[in-house]
$ cat upload_5.cif   # mmCIF, C-alpha atoms
data_upload
loop_
_atom_site.label_atom_id
_atom_site.label_comp_id
_atom_site.auth_asym_id
_atom_site.auth_seq_id
_atom_site.Cartn_x
_atom_site.Cartn_y
_atom_site.Cartn_z
CA MET A 1 -23.40 -12.42 10.46
CA GLN A 2 -24.92 -10.79 13.47
CA GLN A 3 -28.74 -11.01 13.49
CA GLU A 4 -29.07 -7.27 14.08
CA VAL A 5 -27.30 -6.50 10.80
CA VAL A 6 -29.96 -8.36 8.83
CA LEU A 7 -32.71 -6.86 10.96
CA ALA A 8 -31.44 -3.31 10.43
CA MET A 9 -31.32 -3.85 6.67
CA LEU A 10 -34.99 -4.83 6.79
CA ALA A 11 -35.76 -1.48 8.42
CA LYS A 12 -35.24 0.13 5.02
CA GLU A 13 -37.94 -1.90 3.25
CA PRO A 14 -39.52 -5.35 3.27
CA SER A 15 -37.17 -7.66 1.39
CA GLN A 16 -36.49 -11.21 0.27
CA GLY A 17 -33.41 -13.09 1.43
CA PHE A 18 -31.55 -12.77 -1.86
CA GLN A 19 -32.04 -8.99 -1.88
CA LEU A 20 -30.53 -8.69 1.58
CA ARG A 21 -27.63 -10.84 0.48
CA ALA A 22 -26.98 -8.63 -2.53
CA ARG A 23 -26.89 -5.57 -0.28
CA LEU A 24 -24.46 -7.31 2.05
CA ASN A 25 -22.25 -8.25 -0.90
CA ASP A 26 -22.18 -4.63 -2.04
CA ALA A 27 -21.17 -3.39 1.37
CA LEU A 28 -18.46 -6.01 1.88
CA GLY A 29 -17.09 -6.27 -1.65
CA PRO A 30 -14.29 -8.87 -1.87
CA LEU A 31 -14.68 -9.58 1.86
CA SER A 32 -18.15 -11.03 1.34
CA GLU A 33 -16.78 -14.34 0.12
CA ALA A 34 -16.76 -15.48 3.75
CA LEU A 35 -20.54 -15.28 3.84
CA ASN A 36 -22.10 -18.66 3.54
CA ALA A 37 -24.84 -18.72 0.89
CA GLY A 38 -27.53 -20.11 3.16
CA GLN A 39 -26.61 -18.11 6.21
CA ILE A 40 -29.00 -15.25 5.57
CA TYR A 41 -31.97 -17.69 5.49
CA VAL A 42 -30.90 -19.28 8.78
CA THR A 43 -30.69 -15.81 10.33
CA LEU A 44 -34.09 -14.81 8.92
CA GLY A 45 -35.57 -18.02 10.35
CA ARG A 46 -34.22 -17.18 13.79
CA LEU A 47 -35.47 -13.61 13.60
CA GLU A 48 -38.93 -14.87 12.61
CA LYS A 49 -39.02 -17.31 15.53
CA ALA A 50 -38.05 -14.48 17.89
CA GLY A 51 -40.91 -12.34 16.58
CA LEU A 52 -38.56 -9.66 15.26
CA VAL A 53 -39.66 -10.18 11.64
CA VAL A 54 -42.80 -11.60 10.04
CA LEU A 55 -43.63 -12.82 6.57
CA ASP A 56 -45.61 -10.41 4.45
CA ASP A 57 -48.35 -12.80 3.35
CA ALA A 58 -49.74 -10.50 0.66
CA ALA A 59 -46.37 -10.07 -1.04
CA SER A 60 -45.20 -13.65 -0.56
CA SER A 61 -46.42 -16.32 -2.94
CA ALA A 62 -48.81 -19.01 -1.79
CA ASP A 63 -46.39 -21.89 -2.19
CA ARG A 64 -43.94 -19.87 -0.06
CA GLU A 65 -41.27 -19.96 -2.76
CA ARG A 66 -41.18 -16.18 -2.57
CA LYS A 67 -40.79 -14.96 1.00
CA VAL A 68 -40.90 -11.26 1.75
CA TYR A 69 -39.88 -10.36 5.31
CA VAL A 70 -41.10 -7.33 7.26
CA ILE A 71 -39.60 -6.00 10.48
CA THR A 72 -41.94 -5.88 13.51
CA ALA A 73 -42.23 -3.25 16.25
CA ALA A 74 -40.13 -5.48 18.53
CA GLY A 75 -37.60 -5.71 15.70
CA HIS A 76 -37.41 -1.93 15.43
CA GLU A 77 -36.82 -1.72 19.15
CA ARG A 78 -33.98 -4.26 18.94
CA VAL A 79 -32.37 -2.33 16.09
CA GLY A 80 -32.57 0.86 18.18
CA ASP A 81 -30.77 -0.83 21.08
CA TRP A 82 -28.15 -2.24 18.73
CA LEU A 83 -27.42 1.14 17.14
CA ALA A 84 -26.92 2.65 20.60
CA GLU A 85 -24.52 -0.11 21.71
CA VAL A 86 -20.83 0.75 21.98
CA SER A 87 -19.36 -2.74 21.87
CA TRP A 88 -16.15 -3.13 19.87
CA PRO A 89 -14.13 -6.16 18.74
CA LYS A 90 -11.31 -6.90 21.15
CA PRO A 91 -7.84 -7.22 19.69
CA ASP A 92 -6.49 -10.53 20.92
CA LEU A 93 -2.83 -9.80 21.49
CA ALA A 94 -2.42 -11.59 24.82
CA GLU A 95 -1.88 -15.01 23.26
CA PHE A 96 0.98 -13.80 21.08
CA HIS A 97 2.48 -11.85 23.99
CA LEU A 98 2.40 -14.96 26.21
CA LYS A 99 3.85 -17.05 23.39
CA LEU A 100 6.93 -14.82 23.35
CA ILE A 101 7.32 -14.94 27.11
CA ALA A 102 6.90 -18.73 27.25
CA ALA A 103 9.30 -19.28 24.35
CA ALA A 104 11.96 -17.11 25.97
CA SER A 105 11.62 -18.35 29.55
CA ALA A 106 11.68 -22.04 28.62
CA GLY A 107 14.33 -21.50 25.96
CA LEU A 108 12.01 -23.13 23.40
CA ALA A 109 12.52 -20.64 20.60
CA ASP A 110 13.97 -17.23 19.92
CA PRO A 111 11.23 -14.66 20.53
CA ILE A 112 12.79 -12.39 17.93
CA SER A 113 12.44 -15.01 15.20
CA ILE A 114 8.83 -15.56 16.26
CA VAL A 115 8.22 -11.82 15.94
CA ASP A 116 9.94 -11.81 12.57
CA ALA A 117 7.84 -14.68 11.20
CA GLN A 118 4.70 -12.95 12.41
CA ARG A 119 5.80 -9.64 10.87
CA ARG A 120 6.24 -11.31 7.49
CA GLU A 121 2.81 -12.88 7.67
CA LEU A 122 1.16 -9.57 8.62
CA LEU A 123 2.99 -7.76 5.82
CA ARG A 124 1.59 -10.26 3.34
CA ARG A 125 -1.90 -9.75 4.73
CA LEU A 126 -1.37 -6.00 4.57
CA ARG A 127 -0.43 -6.38 0.92
CA ASP A 128 -3.56 -8.41 0.19
CA ALA A 129 -5.77 -5.86 1.95
CA GLU A 130 -4.04 -2.86 0.38
CA ARG A 131 -4.26 -4.34 -3.11
CA ALA A 132 -7.94 -5.13 -2.59
CA GLU A 133 -8.45 -1.52 -1.47
CA ILE A 134 -6.63 -0.21 -4.55
CA ALA A 135 -8.79 -2.42 -6.78
CA GLU A 136 -12.05 -1.05 -5.37
CA PRO A 137 -13.68 1.84 -7.25
CA GLU A 138 -13.15 5.20 -5.55
CA GLY A 139 -15.59 5.83 -2.73
CA SER A 140 -16.97 2.28 -2.59
CA ASP A 141 -18.33 0.96 0.72
CA ALA A 142 -15.96 -2.00 0.62
CA ALA A 143 -12.95 0.32 0.18
CA LEU A 144 -13.80 2.02 3.46
CA LEU A 145 -13.95 -1.30 5.28
CA LEU A 146 -10.66 -2.37 3.71
CA ALA A 147 -9.10 0.93 4.81
CA GLY A 148 -10.03 0.01 8.39
CA ILE A 149 -8.44 -3.42 8.02
CA VAL A 150 -5.29 -1.82 6.58
CA ARG A 151 -5.06 0.54 9.55
CA ARG A 152 -5.42 -2.26 12.09
CA LEU A 153 -2.73 -4.30 10.36
CA GLN A 154 -0.47 -1.25 10.41
CA ALA A 155 -1.06 -0.84 14.14
CA ASP A 156 -0.30 -4.53 14.72
CA LEU A 157 2.90 -4.23 12.70
CA GLN A 158 3.96 -1.24 14.77
CA TRP A 159 3.38 -3.21 17.95
CA LEU A 160 5.50 -6.05 16.53
CA GLU A 161 8.28 -3.49 16.08
CA ASP A 162 7.89 -2.61 19.78
CA CYS A 163 8.09 -6.33 20.60
CA GLU A 164 11.24 -6.73 18.54
CA ALA A 165 12.90 -3.71 20.16
CA SER A 166 11.99 -4.88 23.64
CA TRP A 167 13.17 -8.47 23.17
CA THR A 168 16.38 -7.27 21.54
CA THR A 169 17.12 -5.11 24.60
CA ARG A 170 16.34 -7.98 26.96
CA ARG A 171 18.69 -10.27 25.08
CA LYS A 172 21.51 -7.72 25.32
CA ARG A 173 20.97 -7.44 29.09
CA GLN A 174 21.52 -11.15 29.67
CA MET B 1 28.67 -6.09 -20.00
CA ASN B 2 25.11 -7.21 -19.66
CA ASP B 3 25.08 -10.32 -17.51
CA THR B 4 21.41 -10.18 -16.58
CA ALA B 5 19.31 -8.98 -19.44
CA THR B 6 16.31 -8.46 -17.19
CA SER B 7 18.13 -6.37 -14.61
CA VAL B 8 17.57 -2.62 -14.89
CA LEU B 9 19.52 -1.43 -11.87
CA ARG B 10 22.26 -3.23 -10.03
CA THR B 11 24.68 -2.26 -7.28
CA VAL B 12 27.81 -4.09 -6.21
CA GLY B 13 29.34 -3.39 -2.80
CA LEU B 14 27.91 0.11 -2.80
CA HIS B 15 29.22 2.47 -0.08
CA LYS B 16 28.66 6.05 0.92
CA HIS B 17 30.67 7.33 3.86
CA TYR B 18 30.76 10.75 5.44
CA GLY B 19 33.42 12.13 7.81
CA LYS B 20 36.62 10.48 8.95
CA ALA B 21 38.08 8.21 11.65
CA GLU B 22 35.84 8.27 14.76
CA GLY B 23 33.35 10.55 13.06
CA LEU B 24 32.88 8.18 10.12
CA VAL B 25 29.25 7.67 9.17
CA ARG B 26 28.42 4.72 6.96
CA ALA B 27 25.27 6.11 5.35
CA VAL B 28 25.24 3.26 2.84
CA ASP B 29 27.24 0.22 3.77
CA ASP B 30 28.03 -2.54 1.28
CA VAL B 31 24.70 -2.70 -0.51
CA ASN B 32 24.21 -5.34 -3.20
CA LEU B 33 20.93 -4.92 -4.96
CA GLU B 34 19.42 -6.02 -8.22
CA ILE B 35 16.18 -4.64 -9.60
CA ALA B 36 14.54 -6.57 -12.41
CA ARG B 37 12.77 -4.97 -15.35
CA GLY B 38 9.14 -4.35 -14.44
CA GLU B 39 9.72 -4.97 -10.76
CA ALA B 40 8.41 -2.77 -7.94
CA LEU B 41 10.87 -2.74 -5.06
CA ALA B 42 10.25 -1.07 -1.71
CA VAL B 43 13.13 -0.03 0.53
CA MET B 44 11.97 0.39 4.09
CA GLY B 45 13.62 1.54 7.26
CA PRO B 46 13.49 4.18 10.00
CA SER B 47 14.55 7.73 9.20
CA GLY B 48 18.29 8.07 9.08
CA CYS B 49 18.85 4.44 8.01
CA GLY B 50 20.36 5.57 4.71
CA LYS B 51 17.49 4.72 2.40
CA SER B 52 17.27 8.17 0.81
CA THR B 53 21.04 8.25 0.33
CA LEU B 54 20.80 4.88 -1.38
CA LEU B 55 18.13 6.24 -3.72
CA HIS B 56 20.30 9.26 -4.54
CA LEU B 57 23.19 6.96 -5.39
CA LEU B 58 20.94 4.83 -7.61
CA GLY B 59 19.71 7.91 -9.45
CA GLY B 60 23.07 9.60 -9.88
CA LEU B 61 22.10 12.51 -7.62
CA ASP B 62 25.09 11.66 -5.44
CA ARG B 63 28.35 9.79 -5.94
CA PRO B 64 29.29 6.67 -3.98
CA SER B 65 32.46 6.41 -1.87
CA GLY B 66 32.95 2.94 -3.28
CA GLY B 67 31.26 0.15 -5.20
CA GLU B 68 29.44 0.07 -8.50
CA VAL B 69 26.10 1.15 -9.96
CA TRP B 70 24.92 -0.41 -13.20
CA LEU B 71 22.01 0.91 -15.20
CA ALA B 72 20.70 -1.35 -17.98
CA GLY B 73 24.04 -3.11 -18.32
CA LYS B 74 26.12 0.08 -18.28
CA ARG B 75 28.32 1.11 -15.37
CA VAL B 76 27.32 4.64 -14.38
CA ASP B 77 29.01 5.45 -11.05
CA GLY B 78 32.08 6.83 -12.79
CA LEU B 79 30.28 9.00 -15.33
CA SER B 80 31.26 12.66 -15.66
CA GLU B 81 28.95 15.29 -14.20
CA ARG B 82 27.61 15.86 -17.68
CA GLY B 83 27.08 12.15 -18.23
CA LEU B 84 25.23 11.86 -14.93
CA ALA B 85 23.05 14.84 -15.72
CA GLY B 86 22.13 13.26 -19.06
CA MET B 87 21.33 9.97 -17.38
CA ARG B 88 19.11 11.67 -14.78
CA ARG B 89 17.30 13.55 -17.50
CA ARG B 90 16.66 10.69 -19.91
CA GLU B 91 16.81 7.40 -18.08
CA ILE B 92 15.61 8.02 -14.55
CA GLY B 93 12.35 9.48 -13.28
CA PHE B 94 12.27 10.98 -9.79
CA ILE B 95 9.35 11.43 -7.42
CA PHE B 96 9.92 13.34 -4.18
CA GLN B 97 8.00 13.66 -0.93
CA SER B 98 7.49 17.41 -1.40
CA PHE B 99 6.68 17.12 -5.13
CA HIS B 100 9.39 19.61 -6.23
CA LEU B 101 7.14 21.20 -8.82
CA MET B 102 8.01 24.65 -10.16
CA ASP B 103 5.46 26.91 -8.48
CA GLU B 104 5.41 29.51 -11.24
CA LEU B 105 4.76 26.96 -14.00
CA THR B 106 1.37 25.39 -14.75
CA ALA B 107 0.84 21.65 -14.38
CA ILE B 108 1.36 21.01 -18.08
CA GLU B 109 4.47 23.22 -18.21
CA ASN B 110 5.93 21.25 -15.32
CA VAL B 111 5.25 17.98 -17.11
CA GLU B 112 6.70 19.06 -20.46
CA LEU B 113 9.84 20.61 -18.98
CA PRO B 114 11.96 17.41 -18.87
CA ALA B 115 11.10 16.64 -22.51
CA LEU B 116 12.12 20.17 -23.55
CA LEU B 117 15.37 19.85 -21.59
CA ALA B 118 16.04 16.56 -23.37
CA GLY B 119 15.82 18.35 -26.69
CA ARG B 120 12.32 17.52 -27.89
CA SER B 121 10.47 20.10 -29.91
CA PRO B 122 7.91 22.22 -28.02
CA ARG B 123 5.14 20.57 -30.01
CA GLN B 124 6.33 17.01 -29.21
CA ALA B 125 6.82 17.94 -25.56
CA ARG B 126 3.32 19.41 -25.32
CA ARG B 127 1.74 16.37 -26.96
CA ARG B 128 3.55 14.01 -24.59
CA ALA B 129 2.61 16.14 -21.57
CA LEU B 130 -1.07 16.08 -22.57
CA GLU B 131 -0.93 12.30 -22.88
CA LEU B 132 0.68 11.97 -19.46
CA LEU B 133 -1.78 14.29 -17.72
CA GLU B 134 -4.54 12.20 -19.24
CA GLN B 135 -2.87 9.06 -17.89
CA VAL B 136 -2.72 10.42 -14.35
CA GLY B 137 -6.33 11.62 -14.58
CA LEU B 138 -5.58 15.35 -14.61
CA ALA B 139 -6.27 16.26 -18.25
CA ASP B 140 -8.55 19.06 -17.08
CA ARG B 141 -6.00 20.54 -14.66
CA GLY B 142 -3.20 21.30 -17.13
CA ARG B 143 -3.53 25.08 -16.89
CA HIS B 144 -3.59 25.16 -13.11
CA LEU B 145 -0.64 26.29 -11.05
CA PRO B 146 0.52 23.78 -8.44
CA SER B 147 -0.83 26.06 -5.70
CA ALA B 148 -4.35 25.51 -7.10
CA LEU B 149 -4.04 21.72 -6.84
CA SER B 150 -4.51 19.37 -3.88
CA GLY B 151 -1.54 17.43 -2.49
CA GLY B 152 -2.58 14.24 -4.24
CA GLN B 153 -3.01 16.08 -7.54
CA ARG B 154 0.40 17.74 -7.21
CA GLN B 155 2.03 14.39 -6.67
CA ARG B 156 0.21 13.00 -9.72
CA VAL B 157 1.58 15.90 -11.78
CA ALA B 158 5.04 15.09 -10.40
CA ILE B 159 4.54 11.44 -11.41
CA ALA B 160 3.54 12.52 -14.93
CA ARG B 161 6.68 14.66 -15.08
CA ALA B 162 8.80 11.72 -13.95
CA LEU B 163 7.49 9.76 -16.95
CA ALA B 164 8.07 12.52 -19.52
CA ASN B 165 11.14 10.92 -21.12
CA GLU B 166 10.03 7.30 -20.72
CA PRO B 167 12.65 6.47 -18.10
CA LEU B 168 14.05 2.98 -17.53
CA VAL B 169 13.20 3.25 -13.87
CA VAL B 170 11.30 5.60 -11.57
CA LEU B 171 12.80 6.32 -8.14
CA ALA B 172 10.36 7.55 -5.50
CA ASP B 173 11.44 9.01 -2.17
CA GLU B 174 8.56 8.87 0.35
CA PRO B 175 6.02 9.61 -2.41
CA THR B 176 3.12 9.74 0.06
CA GLY B 177 4.99 11.31 2.97
CA ASN B 178 3.14 14.62 2.69
CA LEU B 179 -0.28 13.19 1.84
CA ASP B 180 -3.35 12.29 3.87
CA SER B 181 -4.91 8.86 3.72
CA ALA B 182 -7.23 9.50 0.77
CA ALA B 183 -4.51 11.17 -1.32
CA THR B 184 -2.13 8.33 -0.43
CA LEU B 185 -4.63 5.89 -1.88
CA GLU B 186 -4.93 8.06 -5.01
CA VAL B 187 -1.16 7.93 -5.53
CA LEU B 188 -0.92 4.21 -4.71
CA ARG B 189 -3.66 3.50 -7.26
CA LEU B 190 -1.77 5.43 -9.92
CA LEU B 191 1.60 3.82 -9.16
CA ASP B 192 -0.05 0.40 -9.21
CA ARG B 193 -1.58 1.11 -12.61
CA LEU B 194 1.78 2.24 -14.01
CA HIS B 195 3.53 -0.76 -12.50
CA THR B 196 0.97 -3.11 -14.04
CA ALA B 197 1.68 -1.43 -17.39
CA GLY B 198 5.35 -2.41 -16.99
CA LEU B 199 7.00 0.44 -15.11
CA THR B 200 10.07 -0.42 -13.03
CA LEU B 201 9.79 1.27 -9.67
CA VAL B 202 11.93 1.73 -6.57
CA ILE B 203 10.06 3.25 -3.63
CA VAL B 204 11.80 4.37 -0.47
CA THR B 205 9.36 4.66 2.40
CA HIS B 206 8.89 4.28 6.11
CA ASP B 207 5.18 3.59 5.58
CA GLN B 208 4.32 -0.12 5.66
CA ARG B 209 1.15 0.54 3.71
CA VAL B 210 3.14 1.91 0.78
CA ALA B 211 5.82 -0.77 1.06
CA ALA B 212 3.18 -3.49 1.05
CA THR B 213 2.12 -2.60 -2.49
CA ALA B 214 5.54 -3.59 -3.92
CA ASP B 215 6.62 -6.97 -5.29
CA ARG B 216 9.64 -7.15 -3.02
CA LEU B 217 10.61 -5.44 0.18
CA VAL B 218 14.11 -4.85 1.53
CA SER B 219 14.71 -3.44 4.99
CA MET B 220 17.57 -1.14 5.82
CA ARG B 221 19.27 -0.43 9.17
CA ASP B 222 22.34 1.75 9.68
CA GLY B 223 23.13 1.85 5.97
CA ALA B 224 22.97 -1.91 5.38
CA LEU B 225 20.28 -4.17 3.92
CA VAL B 226 19.23 -6.43 6.79
CA ASP B 227 16.25 -8.26 5.40
CA GLU B 228 14.60 -9.11 2.12
CA MET B 229 11.15 -10.41 1.51
CA LYS B 230 9.11 -11.33 -1.54
CA LEU B 231 5.57 -10.04 -1.20
CA THR B 232 4.04 -11.49 -4.33
CA GLY B 233 2.06 -14.61 -3.60
CA GLY B 234 0.41 -12.94 -0.62
CA SER B 235 -0.76 -14.49 2.59
CA ALA B 236 -1.88 -18.09 2.85
CA ARG B 237 -5.16 -16.81 4.25
CA LYS B 238 -8.10 -15.60 2.27
CA LEU B 239 -8.90 -11.91 2.30
CA SER B 240 -12.23 -12.62 3.93
CA ASP B 241 -10.41 -14.15 6.90
CA LEU B 242 -9.36 -10.64 7.77
CA VAL B 243 -12.85 -9.76 8.97
CA ALA B 244 -15.26 -11.58 11.23
CA THR B 245 -18.49 -12.03 9.29
CA GLU B 246 -19.53 -15.39 10.73
CA ARG B 247 -21.45 -15.56 13.94
#

$ encode --input "upload_5.cif" --output "structure tokens"
Amino acid sequence: MQQEVVLAMLAKEPSQGFQLRARLNDALGPLSEALNAGQIYVTLGRLEKAGLVVLDDAASSADRERKVYVITAAGHERVGDWLAEVSWPKPDLAEFHLKLIAAASAGLADPISIVDAQRRELLRRLRDAERAEIAEPEGSDAALLLAGIVRRLQADLQWLEDCEASWTTRRKRQ
Amino acid sequence: MNDTATSVLRTVGLHKHYGKAEGLVRAVDDVNLEIARGEALAVMGPSGCGKSTLLHLLGGLDRPSGGEVWLAGKRVDGLSERGLAGMRRREIGFIFQSFHLMDELTAIENVELPALLAGRSPRQARRRALELLEQVGLADRGRHLPSALSGGQRQRVAIARALANEPLVVLADEPTGNLDSAATLEVLRLLDRLHTAGLTLVIVTHDQRVAATADRLVSMRDGALVDEMKLTGGSARKLSDLVATER
């Protein structure tokens, strides 16, 4: 999990690690199973070292079993920068594209069967995502995230149809 | 004959041709299909591939040029017009892209109509319609005209109507084709609930999202089935692999 996500959650109110984790779980729903249990504490440790959060000594217990974290001014500034960022995950389609070209040019495999196998796999993933979306209560945060995943898979499947059409035409030309 | 007790619908060498000689169009071309009781089957393909024609043949809305259609162990492609009409009324439920509700009837009147046509008493029909509207989450919209309902609500009324006579199978032709994303989800949720409760369902669609909710997917091109795929079992990957949460 990106450090800024944890930092931004602390902007709401000083919190303990387990509280932040619960809020992450709510937002991610069934997708949160990828989160490693200890990860949030590692992230909080790094944020503390960087001076972006501090421990609230008054609220934390003396034996440090109970640690309440507070965001610092520098932390607020970092969150502001992060919110203004327009970075976006890059779809990595080049590898698959080059796989088809290499398979065809070296005669290693039929690009159309590669596309077909990939299509089947993506359809299964689409099913998993769509069923998870259906299972979410109406208007849940996780349902919105799943809707985004469903849309990306649909776009990928459409591109695979383009690939199939193109490689079918190329085969006919030979 | 009832060779497969679990099969609700079955076709053998089903054909539908239009025109003659050079102008011959094979809208449905040698389709062999078997739909098990309780199964949800999606038929996918580009527009014009023959998928709607296939659905019409399955539901007795159209007659094949050749081949057989079996419904619950009974051959139905040769039934008289009257026999077909009876079958459509009692044994098949239809859901259409554009809902096909009667605009001048309220939601509950639309839902009870098939039961009345099948000879139920007005009181029985009304009770059943109330139950069904409850099931599709529209108990409080019974007195509304279709024009006062959203697209998703209209389709849910149409789904309730399709269930009025407890059909053996429900045939859906692009059930979400006229709906936005949120209403599509509404309808998919409802169909999934009905399917879980045991409904047998055939959905014709060009939308992968809709197709992906089925148990099995067949693809159609130029009237023929070209591919079949079981979707149950899902991907080998975990759902959480679909997002990047590690860093």

$ residues_around --input "upload_5.cif" --residues "Val218 (chain B)" --least-positions-apart "2" --cutoff "6 Å" --atoms "all atoms listed in the file" --output "list in words"
Val43, Asp227 and Glu228 of chain B

$ resolve_selection --input "upload_5.cif" --expression "the PyMOL selection byres ((chain A) within 9 of (chain B))" --output "ChimeraX atom specification"
/A:1-3,30-36,39,120-135,138,149-151,154,157

$ closest_residue --input "upload_5.cif" --among "B:Val111, B:Leu171, B:Val28, B:Ala125" --to "Arg156 (chain B)" --atoms "only C-alpha atoms"
B:Val111

$ residues_around --input "upload_5.cif" --residues "region 220-222 of chain B" --least-positions-apart "2" --cutoff "12 Å" --atoms "all atoms listed in the file" --output "PyMOL selection string"
chain B and resi 15-17+25-33+42-54+204-206+217-218+224-228

$ write_last_selection --input "upload_5.cif" --atoms "C-alpha atoms" --output "mmCIF file, in the frame of the given file"
data_model
loop_
_atom_site.group_PDB
_atom_site.id
_atom_site.type_symbol
_atom_site.label_atom_id
_atom_site.label_comp_id
_atom_site.auth_asym_id
_atom_site.auth_seq_id
_atom_site.Cartn_x
_atom_site.Cartn_y
_atom_site.Cartn_z
ATOM 1 C CA HIS B 15 29.220 2.470 -0.080
ATOM 2 C CA LYS B 16 28.660 6.050 0.920
ATOM 3 C CA HIS B 17 30.670 7.330 3.860
ATOM 4 C CA VAL B 25 29.250 7.670 9.170
ATOM 5 C CA ARG B 26 28.420 4.720 6.960
ATOM 6 C CA ALA B 27 25.270 6.110 5.350
ATOM 7 C CA VAL B 28 25.240 3.260 2.840
ATOM 8 C CA ASP B 29 27.240 0.220 3.770
ATOM 9 C CA ASP B 30 28.030 -2.540 1.280
ATOM 10 C CA VAL B 31 24.700 -2.700 -0.510
ATOM 11 C CA ASN B 32 24.210 -5.340 -3.200
ATOM 12 C CA LEU B 33 20.930 -4.920 -4.960
ATOM 13 C CA ALA B 42 10.250 -1.070 -1.710
ATOM 14 C CA VAL B 43 13.130 -0.030 0.530
ATOM 15 C CA MET B 44 11.970 0.390 4.090
ATOM 16 C CA GLY B 45 13.620 1.540 7.260
ATOM 17 C CA PRO B 46 13.490 4.180 10.000
ATOM 18 C CA SER B 47 14.550 7.730 9.200
ATOM 19 C CA GLY B 48 18.290 8.070 9.080
ATOM 20 C CA CYS B 49 18.850 4.440 8.010
ATOM 21 C CA GLY B 50 20.360 5.570 4.710
ATOM 22 C CA LYS B 51 17.490 4.720 2.400
ATOM 23 C CA SER B 52 17.270 8.170 0.810
ATOM 24 C CA THR B 53 21.040 8.250 0.330
ATOM 25 C CA LEU B 54 20.800 4.880 -1.380
ATOM 26 C CA VAL B 204 11.800 4.370 -0.470
ATOM 27 C CA THR B 205 9.360 4.660 2.400
ATOM 28 C CA HIS B 206 8.890 4.280 6.110
ATOM 29 C CA LEU B 217 10.610 -5.440 0.180
ATOM 30 C CA VAL B 218 14.110 -4.850 1.530
ATOM 31 C CA ALA B 224 22.970 -1.910 5.380
ATOM 32 C CA LEU B 225 20.280 -4.170 3.920
ATOM 33 C CA VAL B 226 19.230 -6.430 6.790
ATOM 34 C CA ASP B 227 16.250 -8.260 5.400
ATOM 35 C CA GLU B 228 14.600 -9.110 2.120
#

$ axis_aligned_box --input "upload_5.cif" --around "region 21-38 of chain B" --padding-each-side "4 Å" --output "AutoDock Vina command-line options"
--center_x 23.6 --center_y 2.0 --center_z -0.3 --size_x 36.9 --size_y 25.1 --size_z 38.1

$ resolve_selection --input "upload_5.cif" --expression "the PyMOL selection byres ((chain A and resi 47-50) around 10)" --output "PDB file with C-alpha atoms, keeping the file's coordinate frame"
ATOM      1  CA  GLN A   3     -28.740 -11.010  13.490  1.00  0.00           C
ATOM      2  CA  GLU A   4     -29.070  -7.270  14.080  1.00  0.00           C
ATOM      3  CA  VAL A   6     -29.960  -8.360   8.830  1.00  0.00           C
ATOM      4  CA  LEU A   7     -32.710  -6.860  10.960  1.00  0.00           C
ATOM      5  CA  TYR A  41     -31.970 -17.690   5.490  1.00  0.00           C
ATOM      6  CA  VAL A  42     -30.900 -19.280   8.780  1.00  0.00           C
ATOM      7  CA  THR A  43     -30.690 -15.810  10.330  1.00  0.00           C
ATOM      8  CA  LEU A  44     -34.090 -14.810   8.920  1.00  0.00           C
ATOM      9  CA  GLY A  45     -35.570 -18.020  10.350  1.00  0.00           C
ATOM     10  CA  ARG A  46     -34.220 -17.180  13.790  1.00  0.00           C
ATOM     11  CA  GLY A  51     -40.910 -12.340  16.580  1.00  0.00           C
ATOM     12  CA  LEU A  52     -38.560  -9.660  15.260  1.00  0.00           C
ATOM     13  CA  VAL A  53     -39.660 -10.180  11.640  1.00  0.00           C
ATOM     14  CA  VAL A  54     -42.800 -11.600  10.040  1.00  0.00           C
ATOM     15  CA  LEU A  55     -43.630 -12.820   6.570  1.00  0.00           C
ATOM     16  CA  TYR A  69     -39.880 -10.360   5.310  1.00  0.00           C
ATOM     17  CA  VAL A  70     -41.100  -7.330   7.260  1.00  0.00           C
ATOM     18  CA  ILE A  71     -39.600  -6.000  10.480  1.00  0.00           C
ATOM     19  CA  THR A  72     -41.940  -5.880  13.510  1.00  0.00           C
ATOM     20  CA  ALA A  74     -40.130  -5.480  18.530  1.00  0.00           C
ATOM     21  CA  GLY A  75     -37.600  -5.710  15.700  1.00  0.00           C
TER      22      GLY A  75
END

$ atom_distance --input "upload_5.cif" --atom1 "CA of Asp180 (chain B)" --atom2 "CA of Gly152 (chain B)"
8.4 Å

$ resolve_selection --input "upload_5.cif" --expression "the PyMOL selection byres ((chain A and resi 103-112) around 10)" --output "PyMOL selection string"
chain A and resi 97-102+113-118+160+163-168+171

$ atom_distance --input "upload_5.cif" --atom1 "CA of Ala8 (chain A)" --atom2 "CA of Leu153 (chain A)"
28.7 Å

$ residues_around --input "upload_5.cif" --residues "region 58-72 of chain B" --least-positions-apart "3" --cutoff "9 Å" --atoms "all atoms listed in the file" --output "number ranges by chain"
B: 2, 4-18, 28, 30-31, 53-55, 75-78, 84-85, 87-88, 91-94, 168, 170-171

$ residues_around --input "upload_5.cif" --residues "Ser140 (chain A)" --least-positions-apart "6" --cutoff "9 Å" --atoms "all atoms listed in the file" --output "list in words"
Asp26, Ala27 and Gly29 of chain A

$ closest_residue --input "upload_5.cif" --among "A:Leu93, A:Thr169, A:Asp141, A:Gln19" --to "Arg66 (chain A)" --atoms "only C-alpha atoms"
A:Gln19

$ atom_distance --input "upload_5.cif" --atom1 "CA of Ala115 (chain B)" --atom2 "CA of Gly177 (chain B)"
26.7 Å
